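Source file: target_22.cif. Holds: mmCIF, C-alpha atoms and all ligand atoms.
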```cif
data_upload
#
loop_
_atom_site.label_atom_id
_atom_site.label_comp_id
_atom_site.auth_asym_id
_atom_site.auth_seq_id
_atom_site.Cartn_x
_atom_site.Cartn_y
_atom_site.Cartn_z
CA MET A 81 174.80 174.65 -167.95
CA SER A 82 174.97 178.37 -167.20
CA GLU A 83 176.30 179.57 -163.85
CA GLN A 84 172.89 180.97 -163.01
CA THR A 85 171.13 177.63 -163.58
CA ALA A 86 173.70 175.90 -161.41
CA GLU A 87 172.93 178.34 -158.57
CA VAL A 88 169.19 177.77 -158.82
CA LYS A 89 169.77 174.08 -158.26
CA LYS A 90 171.42 174.57 -154.86
CA GLN A 91 169.45 173.06 -152.01
CA ARG A 92 168.09 175.54 -149.52
CA ILE A 93 169.00 175.53 -145.83
CA PHE A 94 167.23 177.32 -143.00
CA SER A 95 168.33 177.58 -139.39
CA GLY A 96 167.87 179.94 -136.46
CA ILE A 97 169.23 180.82 -133.06
CA GLN A 98 167.63 182.67 -130.16
CA PRO A 99 169.03 185.97 -128.91
CA THR A 100 168.74 184.81 -125.30
CA GLY A 101 172.32 185.59 -124.33
CA ILE A 102 175.85 185.26 -125.61
CA PHE A 103 176.21 182.10 -127.66
CA THR A 104 177.79 179.18 -125.85
CA LEU A 105 180.43 176.82 -127.08
CA GLY A 106 177.48 174.37 -127.44
CA ASN A 107 175.65 176.71 -129.84
CA TYR A 108 178.88 177.25 -131.72
CA ILE A 109 179.95 173.64 -132.12
CA GLY A 110 176.42 172.20 -132.35
CA ALA A 111 175.10 174.81 -134.78
CA ILE A 112 176.80 177.97 -136.02
CA ARG A 113 180.18 176.57 -136.91
CA ASN A 114 178.38 174.17 -139.23
CA TRP A 115 176.19 176.92 -140.68
CA ASN A 116 179.38 178.60 -141.72
CA ALA A 117 180.73 175.52 -143.49
CA LEU A 118 177.51 175.08 -145.50
CA GLN A 119 177.48 178.49 -147.15
CA ASP A 120 179.26 177.53 -150.36
CA GLU A 121 177.37 174.36 -151.07
CA TYR A 122 173.85 175.51 -150.21
CA GLU A 123 171.60 178.53 -150.43
CA CYS A 124 171.57 179.44 -146.74
CA ILE A 125 169.05 181.42 -144.74
CA TYR A 126 170.01 182.16 -141.14
CA CYS A 127 167.80 183.89 -138.64
CA ILE A 128 168.00 185.42 -135.16
CA VAL A 129 164.73 184.11 -133.75
CA ASN A 130 163.71 186.87 -131.35
CA GLN A 131 160.02 185.87 -131.53
CA HIS A 132 160.93 182.49 -130.04
CA ALA A 133 162.91 184.22 -127.32
CA ILE A 134 159.83 185.87 -125.77
CA THR A 135 158.31 182.49 -124.91
CA VAL A 136 160.32 182.98 -121.72
CA MET A 137 160.38 186.28 -119.82
CA GLN A 138 162.71 188.84 -121.44
CA GLU A 139 163.64 192.34 -120.33
CA PRO A 140 162.77 194.46 -123.44
CA ALA A 141 165.94 196.58 -123.42
CA GLU A 142 168.04 193.48 -122.88
CA LEU A 143 166.29 191.60 -125.69
CA ARG A 144 166.96 194.51 -128.06
CA ALA A 145 170.64 194.58 -127.09
CA ASN A 146 170.91 190.79 -127.24
CA THR A 147 169.36 190.74 -130.72
CA MET A 148 171.95 193.19 -132.03
CA ARG A 149 174.69 191.24 -130.27
CA ALA A 150 173.44 187.89 -131.60
CA TYR A 151 173.40 189.28 -135.13
CA ALA A 152 176.97 190.55 -134.77
CA LEU A 153 178.00 187.22 -133.25
CA MET A 154 176.45 185.31 -136.13
CA LEU A 155 178.51 187.36 -138.57
CA ALA A 156 181.62 187.05 -136.37
CA CYS A 157 181.21 183.26 -136.51
CA GLY A 158 181.61 183.48 -140.27
CA ILE A 159 178.09 183.91 -141.62
CA ASP A 160 178.62 186.12 -144.63
CA PRO A 161 175.65 188.36 -145.48
CA GLN A 162 176.85 188.53 -149.10
CA ARG A 163 176.54 184.78 -149.51
CA SER A 164 173.68 183.97 -147.11
CA VAL A 165 170.44 185.61 -146.08
CA ALA A 166 171.07 186.76 -142.49
CA PHE A 167 168.16 188.48 -140.76
CA VAL A 168 166.06 188.95 -137.63
CA GLN A 169 162.78 187.01 -137.39
CA SER A 170 160.50 189.89 -136.34
CA HIS A 171 161.64 191.82 -139.42
CA ASN A 172 159.76 189.33 -141.54
CA PRO A 173 156.09 189.21 -140.41
CA ASN A 174 155.38 186.30 -142.77
CA HIS A 175 156.68 183.80 -140.19
CA ALA A 176 154.03 184.77 -137.64
CA GLU A 177 151.30 184.89 -140.28
CA LEU A 178 152.13 181.43 -141.57
CA SER A 179 152.38 180.15 -138.04
CA TRP A 180 148.69 180.93 -137.45
CA VAL A 181 147.62 178.94 -140.50
CA LEU A 182 149.88 176.04 -139.56
CA SER A 183 148.62 176.01 -135.98
CA CYS A 184 145.23 175.07 -137.44
CA SER A 185 146.91 172.01 -138.99
CA THR A 186 148.68 171.00 -135.78
CA MET A 187 147.10 168.78 -133.18
CA PHE A 188 147.07 169.66 -129.51
CA GLY A 189 148.28 166.16 -128.69
CA GLU A 190 151.32 166.57 -130.94
CA LEU A 191 152.41 169.71 -129.12
CA ASN A 192 151.74 168.08 -125.80
CA ARG A 193 154.38 165.47 -126.55
CA MET A 194 157.23 167.96 -127.05
CA THR A 195 159.90 167.32 -124.46
CA GLN A 196 161.29 170.87 -124.68
CA PHE A 197 157.89 172.21 -123.60
CA LYS A 198 157.99 169.91 -120.59
CA ASP A 199 161.58 170.94 -119.74
CA LYS A 200 160.95 174.65 -120.21
CA SER A 201 157.65 174.68 -118.33
CA ALA A 202 159.36 172.97 -115.40
CA LYS A 203 162.13 175.59 -115.56
CA HIS A 204 159.72 178.54 -115.91
CA ALA A 205 156.80 177.31 -113.81
CA ASP A 206 155.64 180.89 -113.15
CA ASN A 207 155.19 181.62 -116.88
CA ILE A 208 153.79 178.63 -118.77
CA ASN A 209 152.35 180.73 -121.58
CA ALA A 210 150.61 179.58 -124.76
CA GLY A 211 153.59 180.70 -126.86
CA LEU A 212 155.85 178.26 -125.05
CA PHE A 213 153.39 175.54 -126.01
CA THR A 214 152.97 176.58 -129.65
CA TYR A 215 156.65 177.44 -130.19
CA PRO A 216 157.19 174.37 -132.43
CA VAL A 217 154.50 175.65 -134.83
CA LEU A 218 156.35 178.94 -135.24
CA MET A 219 159.52 176.94 -135.79
CA ALA A 220 157.70 174.92 -138.47
CA ALA A 221 156.58 178.20 -140.09
CA ASP A 222 160.17 179.53 -140.00
CA ILE A 223 161.30 176.53 -142.02
CA LEU A 224 158.31 175.92 -144.30
CA ALA A 225 157.97 179.60 -145.27
CA TYR A 226 161.25 179.19 -147.20
CA ASN A 227 160.54 175.70 -148.53
CA ALA A 228 163.86 174.74 -146.96
CA ASP A 229 165.24 171.36 -148.03
CA LEU A 230 167.52 170.93 -145.04
CA VAL A 231 167.62 172.20 -141.49
CA PRO A 232 170.92 171.97 -139.62
CA ILE A 233 170.14 171.58 -135.93
CA GLY A 234 171.64 170.22 -132.77
CA ALA A 235 170.38 166.78 -131.74
CA ASP A 236 168.18 168.46 -129.09
CA GLN A 237 165.92 169.95 -131.80
CA LYS A 238 165.12 166.71 -133.67
CA GLN A 239 161.65 166.33 -132.21
CA HIS A 240 160.64 169.82 -133.36
CA LEU A 241 161.84 169.18 -136.87
CA GLU A 242 159.90 165.93 -136.99
CA LEU A 243 156.79 167.91 -136.11
CA ALA A 244 157.51 170.44 -138.88
CA ARG A 245 157.71 167.55 -141.33
CA ASN A 246 154.41 166.12 -140.12
CA ILE A 247 152.70 169.50 -140.45
CA ALA A 248 154.05 169.91 -144.00
CA VAL A 249 152.90 166.44 -145.04
CA ARG A 250 149.44 166.96 -143.52
CA PHE A 251 149.01 170.35 -145.20
CA ASN A 252 150.16 168.98 -148.56
CA GLN A 253 147.75 166.06 -148.29
CA ARG A 254 144.79 168.29 -147.53
CA PHE A 255 145.50 171.25 -149.84
CA GLY A 256 147.79 169.83 -152.52
CA ASP A 257 151.52 170.15 -152.94
CA THR A 258 152.57 173.34 -151.15
CA PHE A 259 155.53 172.79 -148.86
CA THR A 260 158.87 171.07 -149.27
CA VAL A 261 159.15 168.46 -146.52
CA PRO A 262 162.43 169.42 -144.85
CA ASP A 263 165.14 166.99 -143.84
CA CYS A 264 167.16 167.17 -140.69
CA TYR A 265 170.84 167.89 -141.14
CA ILE A 266 172.80 166.83 -138.08
CA PRO A 267 176.46 167.40 -138.93
CA LYS A 268 179.10 164.77 -138.24
CA GLN A 269 180.87 167.02 -135.77
CA GLY A 270 177.69 168.18 -134.08
CA ALA A 271 178.17 166.88 -130.58
CA ARG A 272 175.65 167.87 -127.93
CA LEU A 273 177.76 169.69 -125.37
CA MET A 274 176.84 169.39 -121.73
CA SER A 275 177.20 171.81 -118.82
CA LEU A 276 180.69 171.81 -117.27
CA GLN A 277 179.08 171.90 -113.83
CA ASP A 278 176.39 169.28 -114.43
CA PRO A 279 177.37 167.09 -117.38
CA THR A 280 173.95 165.42 -117.43
CA ARG A 281 172.35 168.73 -118.57
CA LYS A 282 172.93 170.46 -121.88
CA MET A 283 175.08 173.57 -122.00
CA SER A 284 172.55 176.43 -122.38
CA LYS A 285 173.13 180.14 -122.81
CA SER A 286 170.40 180.98 -120.31
CA ASP A 287 171.86 178.68 -117.63
CA GLU A 288 171.99 180.50 -114.29
CA ASN A 289 175.32 178.89 -113.46
CA ALA A 290 177.75 180.75 -115.75
CA ASN A 291 180.56 178.35 -114.73
CA GLY A 292 178.76 175.54 -116.52
CA CYS A 293 178.90 177.39 -119.84
CA VAL A 294 181.72 178.58 -122.00
CA TYR A 295 180.53 181.68 -123.84
CA ILE A 296 182.17 182.37 -127.14
CA LEU A 297 183.23 185.83 -125.98
CA ASP A 298 184.86 184.59 -122.75
CA ASP A 299 188.50 185.63 -122.50
CA LYS A 300 191.25 183.06 -122.26
CA ASP A 301 191.66 183.23 -118.46
CA THR A 302 187.94 182.75 -117.94
CA ILE A 303 187.88 179.78 -120.30
CA LEU A 304 190.87 178.16 -118.57
CA ARG A 305 189.29 178.71 -115.15
CA LYS A 306 185.95 177.21 -116.21
CA PHE A 307 187.63 174.09 -117.57
CA ARG A 308 189.84 173.73 -114.47
CA ARG A 309 186.65 173.71 -112.37
CA ALA A 310 184.76 171.32 -114.66
CA VAL A 311 183.02 168.54 -112.74
CA THR A 312 184.48 165.09 -113.50
CA ASP A 313 184.53 161.84 -111.49
CA SER A 314 186.76 160.21 -108.91
CA GLY A 315 188.88 158.36 -111.50
CA CYS A 316 192.07 159.64 -113.08
CA GLU A 317 192.34 157.99 -116.50
CA VAL A 318 191.32 160.03 -119.53
CA CYS A 319 189.12 157.54 -121.40
CA TRP A 320 185.55 157.40 -122.70
CA GLY A 321 183.25 155.36 -120.51
CA GLU A 322 179.95 154.64 -118.86
CA GLY A 323 179.30 156.90 -115.85
CA LYS A 324 182.07 159.31 -116.89
CA ASP A 325 179.75 162.05 -118.16
CA GLY A 326 182.15 164.87 -117.29
CA ILE A 327 185.17 163.32 -119.01
CA ASN A 328 183.07 162.19 -121.98
CA ASN A 329 181.87 165.77 -122.40
CA LEU A 330 185.41 167.17 -122.19
CA MET A 331 186.56 164.61 -124.73
CA SER A 332 183.74 165.62 -127.11
CA ILE A 333 184.75 169.25 -126.75
CA TYR A 334 188.45 168.54 -127.27
CA SER A 335 187.63 166.39 -130.27
CA ALA A 336 185.38 169.09 -131.77
CA VAL A 337 188.05 171.79 -131.56
CA THR A 338 191.12 169.72 -132.46
CA GLY A 339 189.59 167.17 -134.85
CA ARG A 340 191.21 164.31 -132.88
CA THR A 341 189.39 161.03 -132.34
CA ASN A 342 188.69 159.57 -128.90
CA GLU A 343 191.45 156.98 -129.42
CA GLU A 344 193.95 159.71 -130.25
CA ILE A 345 192.89 161.70 -127.20
CA GLU A 346 193.21 158.67 -124.92
CA ALA A 347 196.71 158.02 -126.28
CA GLU A 348 197.71 161.67 -125.91
CA PHE A 349 196.77 161.74 -122.20
CA LYS A 350 197.84 158.25 -121.23
CA GLY A 351 199.56 158.42 -117.83
CA LYS A 352 198.53 162.04 -117.29
CA GLY A 353 195.81 163.10 -114.86
CA TYR A 354 192.52 164.95 -115.28
CA GLY A 355 194.22 168.26 -114.37
CA ASP A 356 196.52 168.17 -117.42
CA PHE A 357 193.62 167.17 -119.64
CA LYS A 358 191.36 169.99 -118.41
CA SER A 359 194.13 172.55 -119.03
CA ALA A 360 194.70 171.21 -122.54
CA VAL A 361 190.98 171.38 -123.34
CA GLY A 362 190.83 174.96 -122.02
CA GLU A 363 193.85 176.02 -124.10
CA ALA A 364 192.48 174.40 -127.26
CA VAL A 365 189.04 175.98 -126.83
CA ALA A 366 190.51 179.44 -126.12
CA ASP A 367 192.68 179.24 -129.25
CA HIS A 368 189.73 178.02 -131.31
CA LEU A 369 187.51 180.91 -130.21
CA ALA A 370 190.11 183.70 -130.38
CA PRO A 371 189.37 184.67 -134.03
CA VAL A 372 185.62 184.88 -133.31
CA ARG A 373 186.25 187.27 -130.39
CA GLU A 374 188.48 189.45 -132.54
CA GLU A 375 185.98 189.60 -135.38
CA TYR A 376 183.15 190.35 -132.96
CA ALA A 377 185.09 193.32 -131.52
CA ARG A 378 185.63 194.66 -135.03
CA LEU A 379 182.01 194.21 -136.16
CA SER A 380 180.30 195.46 -133.02
CA ALA A 381 182.13 198.77 -133.41
CA ASP A 382 180.33 199.27 -136.74
CA LYS A 383 176.61 199.44 -135.91
CA ALA A 384 175.77 201.16 -139.21
CA TYR A 385 177.14 198.22 -141.17
CA LEU A 386 175.23 195.74 -139.01
CA MET A 387 171.96 197.66 -139.46
CA GLN A 388 172.47 197.80 -143.18
CA CYS A 389 173.09 194.03 -143.38
CA MET A 390 170.02 193.41 -141.22
CA GLU A 391 167.86 195.49 -143.49
CA THR A 392 169.08 193.80 -146.67
CA GLY A 393 168.65 190.37 -145.07
CA ALA A 394 165.07 191.15 -144.01
CA GLU A 395 164.15 192.33 -147.49
CA GLN A 396 165.62 189.18 -149.08
CA ALA A 397 163.77 187.01 -146.57
CA ARG A 398 160.45 188.77 -147.12
CA ARG A 399 160.81 188.42 -150.88
CA ILE A 400 161.06 184.63 -150.59
CA THR A 401 158.29 184.08 -148.04
CA ARG A 402 155.76 186.50 -149.51
CA ARG A 403 155.21 184.15 -152.45
CA VAL A 404 154.93 181.06 -150.27
CA LEU A 405 152.49 182.77 -147.93
CA SER A 406 150.20 183.98 -150.71
CA LYS A 407 150.12 180.47 -152.14
CA VAL A 408 149.12 179.17 -148.70
CA TYR A 409 146.43 181.84 -148.34
CA ARG A 410 144.99 180.90 -151.73
CA LYS A 411 145.03 177.20 -150.87
CA VAL A 412 143.20 177.56 -147.58
CA GLY A 413 140.57 179.80 -149.17
CA PHE A 414 141.36 183.30 -147.92
CA LEU A 415 139.68 185.83 -150.18
CA GLU A 416 142.19 187.93 -152.07
CA LEU A 417 142.01 191.66 -152.70
CA LYS A 418 142.65 192.69 -156.26
N1 LIG A 501 174.61 172.27 -125.73
C1 LIG A 501 174.41 172.23 -127.02
N2 LIG A 501 175.13 171.37 -127.78
C2 LIG A 501 174.94 171.34 -129.14
N3 LIG A 501 174.08 172.14 -129.80
C3 LIG A 501 173.37 173.03 -129.09
N4 LIG A 501 172.46 173.96 -129.44
C4 LIG A 501 172.05 174.59 -128.33
N5 LIG A 501 172.67 174.11 -127.24
C5 LIG A 501 173.50 173.12 -127.67
C6 LIG A 501 172.03 174.22 -130.81
O1 LIG A 501 172.13 175.63 -131.01
C7 LIG A 501 171.13 176.01 -131.94
C8 LIG A 501 170.46 177.28 -131.48
O2 LIG A 501 169.78 177.05 -130.29
P1 LIG A 501 168.72 178.11 -129.76
O3 LIG A 501 169.39 179.31 -129.27
O4 LIG A 501 167.69 178.37 -130.78
O5 LIG A 501 167.96 177.39 -128.61
P2 LIG A 501 168.40 176.32 -127.62
O6 LIG A 501 168.58 175.02 -128.28
O7 LIG A 501 167.36 176.35 -126.53
O8 LIG A 501 169.81 176.87 -127.11
P3 LIG A 501 170.21 177.27 -125.67
O9 LIG A 501 171.61 177.77 -125.70
O10 LIG A 501 169.92 176.17 -124.71
O11 LIG A 501 169.25 178.52 -125.43
P4 LIG A 501 168.32 178.84 -124.18
O12 LIG A 501 169.22 178.78 -122.98
O13 LIG A 501 167.80 180.21 -124.44
O14 LIG A 501 167.24 177.81 -124.16
C9 LIG A 501 170.16 174.85 -132.10
O15 LIG A 501 170.41 174.24 -133.36
C10 LIG A 501 170.55 173.92 -131.01
O16 LIG A 501 170.35 172.58 -131.38
#
```

Mind converting the file's structure to C-alpha cells?
Ligand code: AQP
Amino acid sequence: MSEQTAEVKKQRIFSGIQPTGIFTLGNYIGAIRNWNALQDEYECIYCIVNQHAITVMQEPAELRANTMRAYALMLACGIDPQRSVAFVQSHNPNHAELSWVLSCSTMFGELNRMTQFKDKSAKHADNINAGLFTYPVLMAADILAYNADLVPIGADQKQHLELARNIAVRFNQRFGDTFTVPDCYIPKQGARLMSLQDPTRKMSKSDENANGCVYILDDKDTILRKFRRAVTDSGCEVCWGEGKDGINNLMSIYSAVTGRTNEEIEAEFKGKGYGDFKSAVGEAVADHLAPVREEYARLSADKAYLMQCMETGAEQARRITRRVLSKVYRKVGFLELK
C-alpha cells in the first residue's frame, strides 16, 4: 500500500476549546494533552471556538486577545500546525451555516435537557440568550462539518456529543447518508478535575475564584501556593474515599502528572500528612507545566508566525467543510447557482 493511501485511511478527529481565559490544568489534562498525543495516529482538526465563547458576555478587545492567546497556548501544548489543522472557528463560516440547517433537525425538547444550559443559565441569569440554548447545535455542526470519526472530550461534554450523534442519525435517515456519526473519545487519563476551593465543582477557566484553578501559565510559586490552600477535609490520611472530594481530586491530579496509581500514591504518602502531599502535588504540577510556559513565551513573541499558522489552518478547514456543506445544501433542497 502506498504511503498516501495509508494516510487517507487515518480516522479523523475534531475537538475545540473556548478562548474564555487562560487554559486551566483541567483543560490541559482533560483535553489538550490528549489532543497532542493523538496527532500521529489520527488526522486531527483542532479549533479555538470563539463563536461558542460569545454565548456568555465577552469584552470584545479581551475576546480578541484571548483568541490569540488560546491559539498560542494550543501550539505551546504541542499541537503542531504542520501535522494537524489548527484554526479559529470564526475563520471558517461553514460551521455557522451548517449550524442553521442542523438546528432545523434538532428538537426544542432535546436542547432543553442539556445540563450545561441549565448550569450556565443559572450562572449567567442576566444573559440567558438563544445562543446559550442552541450552543450544542453549533457544536454538532463543528464536528459533523468535518465528518469526524472521533471527538476527544472531557467527561463533562458527553451529553453534547450524544446530541450531535442523534442529529447526524436523524439527518441521515431523512436525507440519506450524509454525515459520519461521531464517537466519543474519552482518554484513559482524562480525569475531570475539580476546583481546588470547591472540589464538588469542576475546575473552569472562567471561575471567579482564581485560587480554585491552576492556570497553565501560573508560575511555580503561584502553583505551590494554590495547592497549599487547597480545600481538603478534617482527616489526615492520604487515601481515596467517600466524602474526601478534595483529597480525591488532588490524587487524580497527582496521578495525571506522575502516572502513578492511587495505590502507589497511598503508599508514597503513608504516615505523612496532607501538608506534605499538597506540596508534592504542587511541585509535580509545576514541573509538568514548565515546558508549556517556556514554549508559550517563545511563541507569543512571534505574532507573525501565529497569524500565518492561523491563516493556513483556516484555509485547510474551509477546504474540508465546503464540500460537506454543499452536499448538505443539495440534500435539503437549496437551489444552486451555476
Ligand atoms: N475541569 C475539567 N476537567 C477535565 N476536562 C475539562 N475540560 C474543561 N474543564 C475540565 C475539557 O476541556 C475542553 C475544552 O473546554 P471548553 O473551553 O470548550 O469549555 P468548558 O468545558 O466549558 O471549559 P471551562 O474551562 O469550564 O470553560 P468556561 O469556564 O469558559 O466554561 C473540553 O473537552 C472539556 O471537556

Using only C-alpha atoms for the distances, tell me which of A:Gln239, A:Ser286, A:Gln277, A:Ser185 is nearest to Lys203 of chain A.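 For Lys203 of chain A, the nearest of the candidates is A:Ser286.
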
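Among A:Ser406, A:Ser380, A:Gln91, A:Ser275, the residue with the shortest atom-to-atom distance to Leu105 of chain A, counting all atoms listed in the file, is A:Ser275.
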
Do a neighbour search on Asn107 of chain A at 9 Å with only C-alpha atoms, toss out local chain neighbours closer than 6 positions, and write the hits as a PyMOL selection string. chain A and resi 97+113+234+273+283-285

Please determine, counting all atoms listed in the file, which residue among A:Ile303, A:Cys124, A:Ala377, A:Cys293 has the shortest atom-to-atom distance to Arg281 of chain A.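 Residue with the minimum atom-to-atom distance to Arg281 of chain A: A:Cys293.
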
With all atoms listed in the file as the counted atoms, please give the residues lying no more than 12 Å from Asp257 of chain A, apart from itself and same-chain residues fewer than 6 positions off, as an MDAnalysis selection string. chainID A and resid 227 248:251 404 407:408 411

Of the residues A:Ile208, A:Ile109, A:Ser201, A:Leu415, which is the one nearest to Thr338 of chain A, using all atoms listed in the file?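 Among the listed residues, A:Ile109 lies closest to Thr338 of chain A.
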
Grab me every residue within 8 Å of ligand LIG 501 (chain A), counting only C-alpha atoms and all ligand atoms, and send it over as a PyMOL selection string. chain A and resi 95-101+103-112+129+132-133+232-237+270-275+282-287

Can you tell me how far atom CA of Phe94 of chain A sits from atom CA of Met390 of chain A, in Å to one decimal? 16.4 Å

May I ask for the distance between atom CA of Asp356 of chain A and atom CA of Glu374 of chain A, given in Å to one decimal place?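 About the pair atom CA of Asp356 of chain A and atom CA of Glu374 of chain A: they are 27.3 Å apart.
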
Within 12 Å of (163.8, 191.6, -147.2) in the file's own coordinates, which protein, DNA or RNA residues have an atom, counting all atoms listed in the file? List them as a list of chain:residue names.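 Returned residue set, sorted by chain then number, is A:Ile125, A:Val165, A:Ala166, A:Phe167, A:Val168, A:Gln169, A:Ser170, A:His171, A:Asn172, A:Pro173, A:Asn174, A:Gln388, A:Cys389, A:Met390, A:Glu391, A:Thr392, A:Gly393, A:Ala394, A:Glu395, A:Gln396, A:Ala397, A:Arg398, A:Arg399, A:Ile400, A:Thr401, A:Arg402.
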
I need every residue sitting at most 10 Å from the point (157.3, 171.0, -127.4) (coordinates as in the file, all atoms listed in the file considered), written as a ChimeraX atom specification. /A:190-201,212-217,237,239-240,243

Please, could you write that set of residues out with C-alpha atoms as a compact mmCIF listing (two decimals), in the coordinates of the input?
```txt
# COMPACT_ATOMS: atom_id res chain seq x y z
CA GLU A 190 151.32 166.57 -130.94
CA LEU A 191 152.41 169.71 -129.12
CA ASN A 192 151.74 168.08 -125.80
CA ARG A 193 154.38 165.47 -126.55
CA MET A 194 157.23 167.96 -127.05
CA THR A 195 159.90 167.32 -124.46
CA GLN A 196 161.29 170.87 -124.68
CA PHE A 197 157.89 172.21 -123.60
CA LYS A 198 157.99 169.91 -120.59
CA ASP A 199 161.58 170.94 -119.74
CA LYS A 200 160.95 174.65 -120.21
CA SER A 201 157.65 174.68 -118.33
CA LEU A 212 155.85 178.26 -125.05
CA PHE A 213 153.39 175.54 -126.01
CA THR A 214 152.97 176.58 -129.65
CA TYR A 215 156.65 177.44 -130.19
CA PRO A 216 157.19 174.37 -132.43
CA VAL A 217 154.50 175.65 -134.83
CA GLN A 237 165.92 169.95 -131.80
CA GLN A 239 161.65 166.33 -132.21
CA HIS A 240 160.64 169.82 -133.36
CA LEU A 243 156.79 167.91 -136.11
```

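Restricting the calculation to only C-alpha atoms, the smallest distance between Asp206 of chain A and any of A:Gly321, A:Ala228, A:Met137, A:Pro267 is found for A:Met137.
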
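Taking atom CA of Val136 of chain A and atom CA of Ala156 of chain A as endpoints, the distance between them is 26.2 Å.
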
Nearest-residue call for Asp263 of chain A, choices A:Asp367, A:Ser335, A:Ile93, A:Trp320, using only C-alpha atoms: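 Ranked by minimum distance to Asp263 of chain A, first place goes to A:Ile93.
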
Axis-aligned box for all listed atoms of segment 176-180 of chain A, 3 Å per side, centre and edges in Å to one decimal, as AutoDock Vina command-line options:
```
--center_x 151.4 --center_y 182.5 --center_z -139.5 --size_x 11.3 --size_y 10.7 --size_z 10.1
```

Excluding Arg308 of chain A and any residue of its chain fewer than 6 positions from it, enumerate the residues within 10 Å of it, using only C-alpha atoms, and give them as number ranges by chain. A: 276, 302, 354-362

Since the input lacks some atoms of segment 401-406 of chain A, please model all heavy atoms and print them as a PDB file, keeping the file's coordinate frame.
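Done, and the output landed in result-v7.pdb:
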```pdb
ATOM      1  N   THR A 401     159.458 184.631-148.758  1.00  0.00           N
ATOM      2  CA  THR A 401     158.290 184.080-148.040  1.00  0.00           C
ATOM      3  C   THR A 401     156.969 184.660-148.517  1.00  0.00           C
ATOM      4  O   THR A 401     155.936 184.014-148.375  1.00  0.00           O
ATOM      5  CB  THR A 401     158.428 184.318-146.524  1.00  0.00           C
ATOM      6  OG1 THR A 401     158.612 185.723-146.299  1.00  0.00           O
ATOM      7  CG2 THR A 401     159.593 183.557-145.952  1.00  0.00           C
ATOM      8  N   ARG A 402     156.997 185.876-149.045  1.00  0.00           N
ATOM      9  CA  ARG A 402     155.760 186.500-149.510  1.00  0.00           C
ATOM     10  C   ARG A 402     155.039 185.580-150.517  1.00  0.00           C
ATOM     11  O   ARG A 402     153.837 185.385-150.462  1.00  0.00           O
ATOM     12  CB  ARG A 402     156.119 187.820-150.198  1.00  0.00           C
ATOM     13  CG  ARG A 402     155.089 188.915-150.011  1.00  0.00           C
ATOM     14  CD  ARG A 402     155.579 190.203-150.638  1.00  0.00           C
ATOM     15  NE  ARG A 402     156.514 190.938-149.800  1.00  0.00           N
ATOM     16  CZ  ARG A 402     157.610 191.565-150.249  1.00  0.00           C
ATOM     17  NH1 ARG A 402     157.932 191.533-151.520  1.00  0.00           N
ATOM     18  NH2 ARG A 402     158.382 192.222-149.428  1.00  0.00           N
ATOM     19  N   ARG A 403     155.808 185.006-151.403  1.00  0.00           N
ATOM     20  CA  ARG A 403     155.210 184.150-152.450  1.00  0.00           C
ATOM     21  C   ARG A 403     154.641 182.871-151.841  1.00  0.00           C
ATOM     22  O   ARG A 403     153.571 182.411-152.226  1.00  0.00           O
ATOM     23  CB  ARG A 403     156.277 183.804-153.495  1.00  0.00           C
ATOM     24  CG  ARG A 403     156.743 185.053-154.239  1.00  0.00           C
ATOM     25  CD  ARG A 403     157.822 184.747-155.224  1.00  0.00           C
ATOM     26  NE  ARG A 403     157.420 183.728-156.182  1.00  0.00           N
ATOM     27  CZ  ARG A 403     158.242 183.138-157.028  1.00  0.00           C
ATOM     28  NH1 ARG A 403     159.526 183.452-157.028  1.00  0.00           N
ATOM     29  NH2 ARG A 403     157.811 182.244-157.866  1.00  0.00           N
ATOM     30  N   VAL A 404     155.400 182.301-150.905  1.00  0.00           N
ATOM     31  CA  VAL A 404     154.930 181.060-150.270  1.00  0.00           C
ATOM     32  C   VAL A 404     153.651 181.346-149.494  1.00  0.00           C
ATOM     33  O   VAL A 404     152.660 180.607-149.583  1.00  0.00           O
ATOM     34  CB  VAL A 404     156.026 180.468-149.343  1.00  0.00           C
ATOM     35  CG1 VAL A 404     155.529 179.207-148.641  1.00  0.00           C
ATOM     36  CG2 VAL A 404     157.294 180.177-150.132  1.00  0.00           C
ATOM     37  N   LEU A 405     153.663 182.444-148.749  1.00  0.00           N
ATOM     38  CA  LEU A 405     152.490 182.770-147.930  1.00  0.00           C
ATOM     39  C   LEU A 405     151.255 183.034-148.797  1.00  0.00           C
ATOM     40  O   LEU A 405     150.158 182.572-148.472  1.00  0.00           O
ATOM     41  CB  LEU A 405     152.789 183.987-147.049  1.00  0.00           C
ATOM     42  CG  LEU A 405     151.732 184.290-145.999  1.00  0.00           C
ATOM     43  CD1 LEU A 405     151.646 183.187-144.946  1.00  0.00           C
ATOM     44  CD2 LEU A 405     151.988 185.626-145.315  1.00  0.00           C
ATOM     45  N   SER A 406     151.425 183.726-149.918  1.00  0.00           N
ATOM     46  CA  SER A 406     150.200 183.980-150.710  1.00  0.00           C
ATOM     47  C   SER A 406     149.687 182.689-151.333  1.00  0.00           C
ATOM     48  O   SER A 406     148.470 182.499-151.462  1.00  0.00           O
ATOM     49  CB  SER A 406     150.362 185.104-151.740  1.00  0.00           C
ATOM     50  OG  SER A 406     151.540 184.976-152.424  1.00  0.00           O
TER      51      SER A 406
END
```
